[in-house]
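Engineer: Sharing input_5.txt (compact mmCIF, N, CA and C atoms) below.
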# COMPACT_ATOMS: atom_id res chain seq x y z
N MET A 12 -13.90 59.71 13.28
CA MET A 12 -13.24 58.58 13.90
C MET A 12 -12.28 59.10 14.96
N ARG A 13 -12.44 58.57 16.18
CA ARG A 13 -11.59 59.02 17.28
C ARG A 13 -10.63 57.92 17.72
N GLY A 14 -9.51 58.33 18.28
CA GLY A 14 -8.60 57.39 18.93
C GLY A 14 -7.74 56.60 17.96
N ASN A 15 -7.27 55.47 18.45
CA ASN A 15 -6.36 54.60 17.73
C ASN A 15 -7.05 54.04 16.48
N PRO A 16 -6.46 54.25 15.30
CA PRO A 16 -7.10 53.78 14.07
C PRO A 16 -7.25 52.26 14.01
N VAL A 17 -6.44 51.53 14.75
CA VAL A 17 -6.54 50.07 14.72
C VAL A 17 -7.90 49.60 15.22
N PHE A 18 -8.55 50.35 16.09
CA PHE A 18 -9.87 49.98 16.60
C PHE A 18 -10.97 50.19 15.56
N HIS A 19 -10.64 50.85 14.47
CA HIS A 19 -11.63 51.14 13.44
C HIS A 19 -11.42 50.31 12.18
N ASP A 20 -10.43 49.42 12.21
CA ASP A 20 -10.14 48.54 11.09
C ASP A 20 -10.93 47.24 11.26
N TYR A 21 -10.89 46.37 10.26
CA TYR A 21 -11.54 45.07 10.38
C TYR A 21 -10.94 44.32 11.56
N PRO A 22 -11.74 43.53 12.27
CA PRO A 22 -11.19 42.79 13.41
C PRO A 22 -10.19 41.73 12.94
N PRO A 23 -9.08 41.57 13.66
CA PRO A 23 -8.08 40.59 13.24
C PRO A 23 -8.51 39.15 13.51
N ASN A 24 -9.50 38.97 14.38
CA ASN A 24 -10.01 37.64 14.73
C ASN A 24 -11.52 37.68 14.70
N PRO A 25 -12.16 36.51 14.55
CA PRO A 25 -13.62 36.49 14.59
C PRO A 25 -14.14 37.01 15.93
N LEU A 26 -15.26 37.71 15.88
CA LEU A 26 -15.88 38.25 17.09
C LEU A 26 -17.16 37.48 17.40
N THR A 27 -17.45 37.34 18.68
CA THR A 27 -18.71 36.74 19.08
C THR A 27 -19.83 37.72 18.78
N VAL A 28 -21.05 37.21 18.73
CA VAL A 28 -22.20 38.07 18.49
C VAL A 28 -22.29 39.14 19.58
N ALA A 29 -22.10 38.74 20.83
CA ALA A 29 -22.16 39.70 21.94
C ALA A 29 -21.10 40.78 21.78
N ARG A 30 -19.90 40.39 21.36
CA ARG A 30 -18.81 41.36 21.18
C ARG A 30 -19.13 42.33 20.05
N MET A 31 -19.75 41.83 18.98
CA MET A 31 -20.11 42.73 17.88
C MET A 31 -21.16 43.74 18.34
N HIS A 32 -22.16 43.29 19.09
CA HIS A 32 -23.14 44.23 19.65
C HIS A 32 -22.42 45.26 20.53
N HIS A 33 -21.49 44.78 21.36
CA HIS A 33 -20.75 45.66 22.27
C HIS A 33 -19.94 46.71 21.49
N GLU A 34 -19.25 46.28 20.46
CA GLU A 34 -18.45 47.21 19.65
C GLU A 34 -19.31 48.34 19.09
N LEU A 35 -20.52 48.01 18.66
CA LEU A 35 -21.39 49.03 18.08
C LEU A 35 -21.80 50.10 19.09
N HIS A 36 -21.69 49.79 20.38
CA HIS A 36 -22.10 50.72 21.44
C HIS A 36 -20.92 51.41 22.13
N MET A 37 -19.71 51.13 21.70
CA MET A 37 -18.54 51.72 22.36
C MET A 37 -18.40 53.20 21.99
N SER A 38 -17.98 53.99 22.95
CA SER A 38 -17.86 55.44 22.73
C SER A 38 -16.87 55.79 21.63
N ARG A 39 -15.87 54.95 21.42
CA ARG A 39 -14.89 55.25 20.37
C ARG A 39 -15.52 55.21 18.98
N HIS A 40 -16.70 54.61 18.86
CA HIS A 40 -17.39 54.55 17.58
C HIS A 40 -18.56 55.54 17.49
N ALA A 41 -18.63 56.46 18.44
CA ALA A 41 -19.76 57.41 18.49
C ALA A 41 -19.90 58.22 17.21
N ASP A 42 -18.80 58.58 16.60
CA ASP A 42 -18.84 59.40 15.39
C ASP A 42 -18.68 58.59 14.11
N CYS A 43 -18.63 57.27 14.24
CA CYS A 43 -18.40 56.40 13.08
C CYS A 43 -19.68 56.10 12.32
N THR A 44 -19.51 55.82 11.06
CA THR A 44 -20.58 55.31 10.21
C THR A 44 -20.03 54.08 9.51
N PRO A 45 -20.89 53.24 8.95
CA PRO A 45 -20.37 52.09 8.20
C PRO A 45 -19.47 52.50 7.03
N GLU A 46 -19.66 53.70 6.53
CA GLU A 46 -18.84 54.17 5.41
C GLU A 46 -17.45 54.64 5.85
N THR A 47 -17.30 55.01 7.12
CA THR A 47 -16.01 55.55 7.59
C THR A 47 -15.26 54.62 8.53
N CYS A 48 -15.90 53.53 8.96
CA CYS A 48 -15.28 52.66 9.96
C CYS A 48 -15.51 51.20 9.57
N ALA A 49 -14.43 50.49 9.29
CA ALA A 49 -14.54 49.10 8.87
C ALA A 49 -15.11 48.22 9.99
N MET A 50 -14.81 48.54 11.25
CA MET A 50 -15.33 47.74 12.36
C MET A 50 -16.85 47.83 12.43
N ILE A 51 -17.39 49.04 12.30
CA ILE A 51 -18.84 49.23 12.31
C ILE A 51 -19.46 48.52 11.10
N TRP A 52 -18.85 48.67 9.95
CA TRP A 52 -19.35 48.01 8.74
C TRP A 52 -19.38 46.50 8.93
N TYR A 53 -18.29 45.94 9.45
CA TYR A 53 -18.19 44.49 9.67
C TYR A 53 -19.23 44.02 10.68
N CYS A 54 -19.29 44.66 11.83
CA CYS A 54 -20.20 44.21 12.90
C CYS A 54 -21.66 44.29 12.46
N ARG A 55 -22.06 45.40 11.90
CA ARG A 55 -23.45 45.54 11.46
C ARG A 55 -23.79 44.51 10.39
N GLY A 56 -22.94 44.38 9.39
CA GLY A 56 -23.19 43.43 8.31
C GLY A 56 -23.22 41.99 8.78
N ARG A 57 -22.28 41.63 9.64
CA ARG A 57 -22.22 40.25 10.14
C ARG A 57 -23.42 39.93 11.03
N LEU A 58 -23.83 40.87 11.87
CA LEU A 58 -25.00 40.64 12.71
C LEU A 58 -26.25 40.43 11.86
N ILE A 59 -26.40 41.19 10.81
CA ILE A 59 -27.54 41.03 9.92
C ILE A 59 -27.47 39.67 9.22
N GLU A 60 -26.28 39.27 8.76
CA GLU A 60 -26.10 37.95 8.15
C GLU A 60 -26.50 36.83 9.11
N LEU A 61 -26.25 37.03 10.39
CA LEU A 61 -26.55 36.02 11.40
C LEU A 61 -27.99 36.07 11.89
N GLY A 62 -28.80 36.92 11.27
CA GLY A 62 -30.22 36.97 11.60
C GLY A 62 -30.59 37.98 12.66
N ARG A 63 -29.65 38.82 13.06
CA ARG A 63 -29.95 39.90 14.02
C ARG A 63 -30.41 41.09 13.21
N LEU A 64 -31.71 41.23 13.05
CA LEU A 64 -32.24 42.24 12.14
C LEU A 64 -32.14 43.65 12.69
N ASN A 65 -31.85 43.80 13.98
CA ASN A 65 -31.63 45.11 14.60
C ASN A 65 -30.24 45.12 15.21
N PRO A 66 -29.20 45.25 14.39
CA PRO A 66 -27.84 45.14 14.90
C PRO A 66 -27.46 46.21 15.92
N ASP A 67 -28.21 47.31 15.97
CA ASP A 67 -27.89 48.35 16.94
C ASP A 67 -28.40 48.04 18.34
N ASP A 68 -29.18 46.97 18.49
CA ASP A 68 -29.62 46.56 19.83
C ASP A 68 -28.43 46.10 20.66
N ALA A 69 -28.52 46.30 21.95
CA ALA A 69 -27.54 45.72 22.86
C ALA A 69 -27.84 44.23 22.96
N PRO A 70 -26.87 43.39 23.37
CA PRO A 70 -27.12 41.95 23.44
C PRO A 70 -28.36 41.60 24.25
N GLY A 71 -28.60 42.29 25.35
CA GLY A 71 -29.77 42.01 26.17
C GLY A 71 -31.08 42.44 25.53
N GLU A 72 -31.01 43.32 24.54
CA GLU A 72 -32.20 43.80 23.85
C GLU A 72 -32.48 43.02 22.57
N CYS A 73 -31.51 42.29 22.09
CA CYS A 73 -31.62 41.57 20.83
C CYS A 73 -32.42 40.29 21.05
N SER A 74 -33.57 40.18 20.38
CA SER A 74 -34.42 39.00 20.59
C SER A 74 -33.73 37.73 20.14
N ALA A 75 -32.93 37.78 19.07
CA ALA A 75 -32.22 36.58 18.62
C ALA A 75 -31.16 36.16 19.63
N CYS A 76 -30.48 37.12 20.26
CA CYS A 76 -29.48 36.78 21.28
C CYS A 76 -30.16 36.19 22.51
N ARG A 77 -31.29 36.76 22.89
CA ARG A 77 -32.02 36.21 24.04
C ARG A 77 -32.48 34.79 23.75
N ASP A 78 -32.91 34.54 22.53
CA ASP A 78 -33.37 33.20 22.16
C ASP A 78 -32.22 32.20 22.14
N ASP A 79 -30.99 32.67 21.85
CA ASP A 79 -29.81 31.80 21.80
C ASP A 79 -29.20 31.55 23.17
N ASP A 80 -29.61 32.30 24.18
CA ASP A 80 -29.01 32.21 25.52
C ASP A 80 -29.56 30.99 26.27
N PRO A 81 -28.71 29.94 26.48
CA PRO A 81 -29.21 28.74 27.16
C PRO A 81 -29.61 29.00 28.61
N SER A 82 -29.09 30.03 29.23
CA SER A 82 -29.44 30.31 30.63
C SER A 82 -30.88 30.82 30.75
N ARG A 83 -31.49 31.19 29.63
CA ARG A 83 -32.87 31.70 29.65
C ARG A 83 -33.85 30.61 29.24
N SER A 84 -33.37 29.37 29.12
CA SER A 84 -34.22 28.27 28.72
C SER A 84 -35.29 28.00 29.77
N THR A 85 -36.51 27.72 29.30
CA THR A 85 -37.61 27.46 30.23
C THR A 85 -37.90 25.96 30.35
N SER A 86 -37.21 25.16 29.53
CA SER A 86 -37.44 23.72 29.61
C SER A 86 -36.68 23.12 30.78
N ALA A 87 -37.25 22.08 31.36
CA ALA A 87 -36.63 21.45 32.54
C ALA A 87 -35.69 20.36 32.16
Please go through the file and, once you have read it, give me the structure as C-alpha cells.
Structural biologist:
Amino acid sequence: MRGNPVFHDYPPNPLTVARMHHELHMSRHADCTPETCAMIWYCRGRLIELGRLNPDDAPGECSACRDDDPSRSTSA
C-alpha cells in the first residue's frame, strides 16, 4: 500500500459505478489486494453486487456500464 492511508480505507461516501471502476485502476492501488486495501475490497465487491461481473474492467470496457449509458441508446 502506497501513499496516504486514507485512500486505502472504506470510502466515506457512496461511490458511483464509474468511480469504483476508476479507483480500481489508480496507480496508488497498484500494489493493493482486496485483503490489504479496504477500498479495493469495497469497490470490487460492490461492482459484483451491482452485476458487473468483471470489476477490473474500465468503465468503457464494462458491458453493464455501456448498457446503462443513456448516451449510447439506439432508440429514437
Engineer: List as an NGL selection string the protein and nucleic acid residues near Asn24 (chain A), meaning an atom at most 12 Å away when only C-alpha atoms are counted, but skip any in the same chain fewer than 5 places from it.
Structural biologist: :A and (30-31 or 50 or 53)
Engineer: So what do you get for atom C of Asp20 (chain A) versus CA of Ala75 (chain A), distance-wise?
Structural biologist: 24.9 Å
Engineer: May I have the residues at most 12 Å from (-17.2, 49.6, 15.4) in the file's coordinates, counting only C-alpha atoms, as JSON, numbers by chain?
Structural biologist: {"A": [12, 13, 16, 17, 18, 19, 20, 21, 22, 26, 30, 31, 32, 33, 34, 35, 36, 37, 38, 39, 40, 41, 42, 43, 44, 45, 46, 47, 48, 49, 50, 51, 52, 53, 54, 55, 56, 57, 66, 67]}
Engineer: What is the distance, in Å and to one decimal place, between CA of Asn65 (chain A) and CA of Pro23 (chain A)?
Structural biologist: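 Between CA of Asn65 (chain A) and CA of Pro23 (chain A) the gap is 24.0 Å.
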